[in-house]
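A.B. asks: Here you go, work.cif (mmCIF, C-alpha atoms):
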```cif
data_data
#
loop_
_atom_site.label_atom_id
_atom_site.label_comp_id
_atom_site.auth_asym_id
_atom_site.auth_seq_id
_atom_site.Cartn_x
_atom_site.Cartn_y
_atom_site.Cartn_z
CA MET A 1 -6.65 30.36 3.91
CA GLU A 2 -9.69 28.10 4.26
CA GLN A 3 -10.83 29.09 0.78
CA GLN A 4 -7.61 27.73 -0.69
CA LEU A 5 -8.00 24.52 1.31
CA GLU A 6 -11.63 24.14 0.20
CA LYS A 7 -10.54 24.66 -3.40
CA VAL A 8 -7.89 21.91 -3.14
CA LEU A 9 -10.37 19.51 -1.50
CA SER A 10 -12.94 20.17 -4.25
CA GLU A 11 -10.26 19.53 -6.85
CA ILE A 12 -9.37 16.20 -5.18
CA LEU A 13 -13.05 15.18 -5.25
CA THR A 14 -13.17 15.63 -9.02
CA GLN A 15 -10.64 12.78 -9.42
CA GLN A 16 -11.95 9.41 -10.51
CA ASP A 17 -13.40 7.11 -7.82
CA THR A 18 -12.82 9.70 -5.07
CA VAL A 19 -15.70 9.84 -2.61
CA GLY A 20 -14.25 11.96 0.18
CA ALA A 21 -11.18 13.95 1.19
CA LEU A 22 -9.97 15.46 4.42
CA VAL A 23 -6.96 17.37 5.75
CA ALA A 24 -5.78 17.21 9.35
CA ASN A 25 -3.20 19.13 11.35
CA ARG A 26 -0.48 17.61 13.54
CA GLN A 27 -2.84 17.52 16.52
CA GLY A 28 -5.20 15.32 14.51
CA LEU A 29 -7.81 18.05 14.18
CA CYS A 30 -9.75 18.31 10.96
CA LEU A 31 -8.85 21.41 8.95
CA GLY A 32 -11.36 20.70 6.21
CA ALA A 33 -13.41 17.83 4.77
CA LYS A 34 -15.33 17.39 1.54
CA GLY A 35 -17.52 14.60 0.24
CA ASN A 36 -18.58 11.45 2.02
CA ILE A 37 -16.01 11.35 4.82
CA ASN A 38 -16.39 11.59 8.58
CA PRO A 39 -14.32 14.54 9.97
CA ASN A 40 -13.59 12.40 13.06
CA VAL A 41 -11.32 10.23 10.89
CA SER A 42 -8.71 13.02 11.06
CA GLY A 43 -7.42 11.75 14.43
CA ILE A 44 -6.87 8.11 13.46
CA GLY A 45 -5.59 9.17 10.01
CA MET A 46 -2.98 11.38 11.60
CA ALA A 47 -2.02 8.59 14.04
CA ILE A 48 -1.54 6.19 11.11
CA SER A 49 0.63 8.66 9.20
CA GLU A 50 2.73 9.31 12.35
CA GLN A 51 3.17 5.57 12.87
CA VAL A 52 4.28 5.03 9.26
CA ALA A 53 6.74 7.94 9.58
CA LYS A 54 8.56 5.81 12.22
CA LEU A 55 9.22 3.08 9.65
CA GLU A 56 11.84 5.08 7.77
CA PRO A 57 12.60 8.19 9.81
CA ASN A 58 15.48 9.20 7.51
CA SER A 59 13.32 9.25 4.40
CA THR A 60 13.17 12.75 2.90
CA LEU A 61 9.99 12.24 0.91
CA PRO A 62 6.77 11.34 2.74
CA ALA A 63 5.32 7.86 2.37
CA THR A 64 1.84 7.18 1.03
CA VAL A 65 -0.20 4.61 2.89
CA CYS A 66 -3.06 2.83 1.18
CA LEU A 67 -5.53 0.60 3.00
CA TYR A 68 -7.50 -1.75 0.77
CA SER A 69 -10.83 -3.33 1.60
CA GLY A 70 -12.81 -4.78 -1.29
CA ASN A 71 -13.55 -2.02 -3.78
CA LYS A 72 -12.66 0.66 -1.24
CA ARG A 73 -9.35 2.34 -0.59
CA CYS A 74 -8.22 4.81 2.02
CA VAL A 75 -5.13 6.77 1.00
CA ILE A 76 -3.17 8.63 3.68
CA GLN A 77 -0.18 10.88 3.20
CA LYS A 78 1.61 13.08 5.68
CA ASP A 79 3.58 16.06 4.43
CA GLY A 80 5.14 18.14 7.16
CA ASP A 81 2.46 19.15 9.64
CA ILE A 82 -0.44 18.29 7.38
CA THR A 83 -1.98 14.86 6.80
CA GLY A 84 -4.28 14.24 3.87
CA ILE A 85 -6.81 11.40 3.81
CA ILE A 86 -8.68 10.37 0.67
CA TYR A 87 -11.47 7.78 0.39
CA LYS A 88 -11.77 6.02 -2.93
CA GLN A 89 -14.38 3.57 -4.06
CA THR A 90 -14.54 1.78 -7.38
CA THR A 91 -18.03 0.80 -8.39
CA PRO A 92 -19.15 -1.14 -11.48
CA ALA A 93 -21.52 1.78 -12.12
CA THR A 94 -18.67 4.30 -12.44
CA ALA A 95 -16.79 1.92 -14.70
CA THR A 96 -19.87 1.61 -16.94
CA THR A 97 -20.36 5.38 -16.95
CA ALA A 98 -16.73 5.90 -17.86
CA ALA A 99 -16.99 3.30 -20.62
CA SER A 100 -20.20 4.80 -22.03
CA ALA A 101 -18.71 8.30 -21.82
CA ALA A 102 -15.67 7.09 -23.74
CA ALA A 103 -17.94 5.37 -26.27
CA SER A 104 -20.03 8.52 -26.78
CA THR A 105 -16.86 10.61 -27.17
CA SER A 106 -15.50 8.26 -29.80
CA ALA A 107 -18.92 8.15 -31.50
CA SER A 108 -19.14 11.95 -31.65
CA ASN A 109 -15.61 12.06 -33.11
CA MET B 1 19.31 -22.14 -4.32
CA ASP B 2 19.25 -18.80 -2.52
CA LYS B 3 18.57 -18.76 1.20
CA ASP B 4 15.98 -15.96 1.00
CA LYS B 5 12.41 -16.75 0.14
CA GLN B 6 11.44 -14.99 -3.08
CA ILE B 7 7.75 -14.10 -2.86
CA VAL B 8 7.65 -11.53 -5.69
CA PRO B 9 10.16 -10.88 -8.50
CA ASN B 10 11.34 -7.40 -7.44
CA GLN B 11 11.38 -8.23 -3.76
CA ILE B 12 14.23 -6.77 -1.67
CA GLY B 13 13.13 -7.99 1.73
CA TYR B 14 10.42 -9.85 3.61
CA LEU B 15 9.11 -10.51 7.07
CA ILE B 16 6.64 -13.13 8.23
CA LEU B 17 5.14 -12.45 11.64
CA LYS B 18 2.79 -14.29 13.92
CA ASP B 19 -0.42 -12.41 14.76
CA ASP B 20 1.13 -11.43 18.12
CA GLY B 21 4.03 -9.72 16.31
CA ALA B 22 6.69 -12.41 16.80
CA VAL B 23 9.07 -12.71 13.83
CA LEU B 24 8.82 -16.16 12.26
CA GLU B 25 10.91 -15.57 9.16
CA SER B 26 12.80 -12.67 7.64
CA GLY B 27 15.16 -11.98 4.80
CA GLY B 28 16.83 -9.40 2.57
CA ASP B 29 16.61 -5.77 3.76
CA LEU B 30 14.23 -6.80 6.52
CA LYS B 31 16.40 -9.59 7.93
CA ASN B 32 15.98 -9.66 11.72
CA ASP B 33 14.36 -6.23 11.51
CA GLU B 34 12.32 -6.34 14.70
CA ARG B 35 12.03 -2.55 14.76
CA SER B 36 10.13 -2.50 11.44
CA ALA B 37 8.06 -5.46 12.66
CA ASN B 38 7.04 -3.50 15.76
CA VAL B 39 6.21 -0.37 13.75
CA ILE B 40 4.06 -2.42 11.37
CA MET B 41 2.29 -4.17 14.27
CA GLY B 42 1.48 -0.71 15.65
CA LEU B 43 0.16 0.29 12.24
CA LEU B 44 -2.02 -2.84 12.04
CA ASN B 45 -3.50 -2.10 15.46
CA LEU B 46 -4.36 1.43 14.30
CA THR B 47 -5.94 0.25 11.05
CA GLU B 48 -8.32 -2.14 12.81
CA SER B 49 -10.90 0.60 13.26
CA ILE B 50 -10.66 3.61 10.99
CA ASP B 51 -14.19 4.39 9.95
CA ASP B 52 -16.79 1.68 10.38
CA ASN B 53 -19.04 3.41 7.82
CA PHE B 54 -16.46 3.18 5.07
CA ILE B 55 -14.10 0.31 5.89
CA ALA B 56 -15.71 -2.10 8.37
CA ASN B 57 -13.65 -2.90 11.48
CA SER B 58 -10.86 -5.44 10.82
CA SER B 59 -11.87 -5.76 7.15
CA CYS B 60 -8.69 -4.21 5.79
CA GLU B 61 -7.20 -6.94 3.61
CA ARG B 62 -4.03 -5.25 2.36
CA ILE B 63 -1.91 -2.25 3.25
CA THR B 64 0.71 -0.69 1.02
CA ILE B 65 3.29 1.89 2.04
CA ASP B 66 4.81 3.67 -0.92
CA TYR B 67 8.12 5.51 -0.96
CA GLU B 68 9.87 7.03 -3.96
CA HIS B 69 12.14 4.08 -4.75
CA HIS B 70 10.56 1.23 -2.84
CA SER B 71 7.32 0.10 -1.25
CA TYR B 72 5.98 -2.28 1.36
CA SER B 73 2.98 -4.54 1.00
CA ILE B 74 1.36 -6.00 4.10
CA CYS B 75 -1.18 -8.83 4.05
CA MET B 76 -2.59 -11.13 6.67
CA SER B 77 -3.41 -14.75 6.02
CA ASN B 78 -3.93 -17.75 8.28
CA ARG B 79 -3.04 -15.70 11.40
CA HIS B 80 0.29 -14.76 9.87
CA ILE B 81 1.34 -11.30 8.71
CA TYR B 82 3.31 -11.17 5.47
CA ILE B 83 5.36 -8.06 4.78
CA VAL B 84 7.20 -7.70 1.50
CA LYS B 85 9.51 -4.85 0.59
CA PHE B 86 9.87 -4.25 -3.14
CA SER B 87 12.13 -2.03 -5.14
CA LYS B 88 10.75 0.07 -7.96
CA GLY B 89 12.13 2.33 -10.65
CA GLN B 90 15.09 1.79 -12.94
CA ASN B 91 17.49 0.15 -10.50
CA GLY B 92 14.84 -2.16 -9.10
CA ALA B 93 13.61 -3.12 -12.56
CA THR B 94 17.11 -3.95 -13.74
CA THR B 95 17.85 -6.08 -10.69
CA SER B 96 14.53 -7.87 -10.80
CA SER B 97 14.68 -8.60 -14.53
CA SER B 98 18.20 -9.99 -14.29
CA SER B 99 17.33 -12.10 -11.25
CA SER B 100 14.10 -13.38 -12.77
CA THR B 101 15.95 -14.26 -15.98
CA SER B 102 18.45 -16.30 -14.01
CA VAL B 103 15.59 -18.03 -12.22
CA TYR B 104 14.02 -18.92 -15.57
CA ILE B 105 17.35 -20.15 -16.88
CA ASP B 106 17.73 -22.28 -13.76
CA ALA B 107 14.21 -23.62 -14.18
CA ASN B 108 14.84 -24.37 -17.86
CA ASN B 109 18.08 -26.13 -17.04
CA GLU B 110 16.31 -28.11 -14.40
CA LEU B 111 13.56 -29.03 -16.88
CA THR B 112 16.04 -30.13 -19.52
CA THR B 113 18.02 -32.13 -16.99
CA ASN B 114 14.85 -33.77 -15.70
CA SER B 115 13.53 -34.52 -19.18
CA GLY B 116 16.97 -35.82 -20.06
CA THR B 117 16.93 -38.24 -17.18
CA VAL B 118 13.37 -39.25 -17.99
CA LEU B 119 14.30 -39.89 -21.59
CA ALA B 120 17.45 -41.78 -20.59
#
```
Rewrite the structure from the file as structure tokens, please.
C.D. replies:
Amino acid sequence: MEQQLEKVLSEILTQQDTVGALVANRQGLCLGAKGNINPNVSGIGMAISEQVAKLEPNSTLPATVCLYSGNKRCVIQKDGDITGIIYKQTTPATATTAASAAASTSASN
Amino acid sequence: MDKDKQIVPNQIGYLILKDDGAVLESGGDLKNDERSANVIMGLLNLTESIDDNFIANSSCERITIDYEHHSYSICMSNRHIYIVKFSKGQNGATTSSSSSTSVYIDANNELTTNSGTVLA
């Protein structure tokens, strides 16, 4: 079971600008964390997702919460008993790398 | 002129709160919606300290809550909390484009009338 969870977390980390990912259970306990993220965030992340669930209790699909601070984003989504938290950070360096990678790809083509 | 304040084109509701959570203004889907205001105040209290190493305490400048067909955007400025509910997708786009067109038409009419009076 953990292996599957680890695999999903690793997959999330491969996404652009993602620096850390974590999954928490309904008690707010961390089920798994990968990358640059504090496992203690699971509690507050779960509390945030529970609070947002009160906004539209009749909604069938879960809401996605995104907290913005400068070039950083914290994305939280609750689905059933599980809450996922993703840290994202856009840096000029990654943008340059992406641009140069795209340039080299087009050059090689 | 419509009674509701239009902050963004595809807006379907808005709330303006004082930093203590008191509702100052509201309109659209969120008209007099104190329940949503209380839930959002609870959310803001929770987001004050998430992870000091990643997002410094009280440095969160904007919060969005995304649903399938609509979303909320929450910002704080000048000790006031601004909450806007927007529609998205086909229905929302149609409504917003038609409403924005009418706004432009109104504005154009107003401009022509004004220029007319100026010229006269």
A.B. asks: Where does the PyMOL selection byres ((chain B) within 6 of (chain A)) land in this file, that is, which residues does it pick, as JSON, numbers by chain?
C.D. replies: {"B": [36, 60, 61, 62, 63, 64, 65, 66, 67]}
A.B. asks: Measure the distance from CA of Gly27 (chain B) to CA of Lys78 (chain A) in Å and round it to one decimal.
C.D. replies: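 Interatomic distance, CA of Gly27 (chain B) to CA of Lys78 (chain A): 28.5 Å.
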A.B. asks: Just give me the gap between CA of Leu5 (chain A) and CA of Gly32 (chain A) in Å, one decimal is fine.
C.D. replies: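 Between CA of Leu5 (chain A) and CA of Gly32 (chain A) the gap works out to 7.1 Å.
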A.B. asks: Work out how far apart CA of Thr83 (chain A) and CA of Leu22 (chain A) are and give it in Å to one decimal.
C.D. replies: 8.4 Å
A.B. asks: Would you mind listing what lies within 8 Å of Leu30 (chain B) as a PyMOL selection string, with all atoms listed in the file counted and same-chain residues fewer than 5 positions away left out?
C.D. replies: chain B and resi 13-15+36+85
A.B. asks: Is it possible to get the axis-aligned box enclosing region 43-54 of chain B (all listed atoms, 5 Å extra per side) as lines of an AutoDock Vina configuration file, with centre and edge lengths in Å rounded to one decimal?
C.D. replies:
```
center_x = -9.4
center_y = 0.8
center_z = 10.3
size_x = 29.2
size_y = 17.2
size_z = 20.4
```
A.B. asks: Would you kindly return, as JSON, numbers by chain, each protein, DNA or RNA residue with an atom no farther than 10 Å from any atom of Ile12 (chain A), considering only C-alpha atoms and excluding same-chain residues fewer than 4 positions away?
C.D. replies: {"A": [6, 7, 8, 16, 18, 19, 20, 21, 22, 34, 35, 86]}
A.B. asks: What residues come out when you apply the PyMOL selection byres ((chain B and resi 41-43) around 8) to this file, written as a list in words?
C.D. replies: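 On the file shown, the PyMOL selection byres ((chain B and resi 41-43) around 8) covers Ile48, Gln51 and Val52 of chain A; Gly21, Ala37, Asn38, Val39, Ile40, Leu44, Asn45, Leu46 and Thr47 of chain B.
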A.B. asks: Given the file above and the PyMOL selection byres ((chain B and resi 84) around 10), which residues are selected, and can you give them as a PyMOL selection string?
C.D. replies: chain B and resi 6-8+10-16+26-30+64+71-75+81-83+85-86
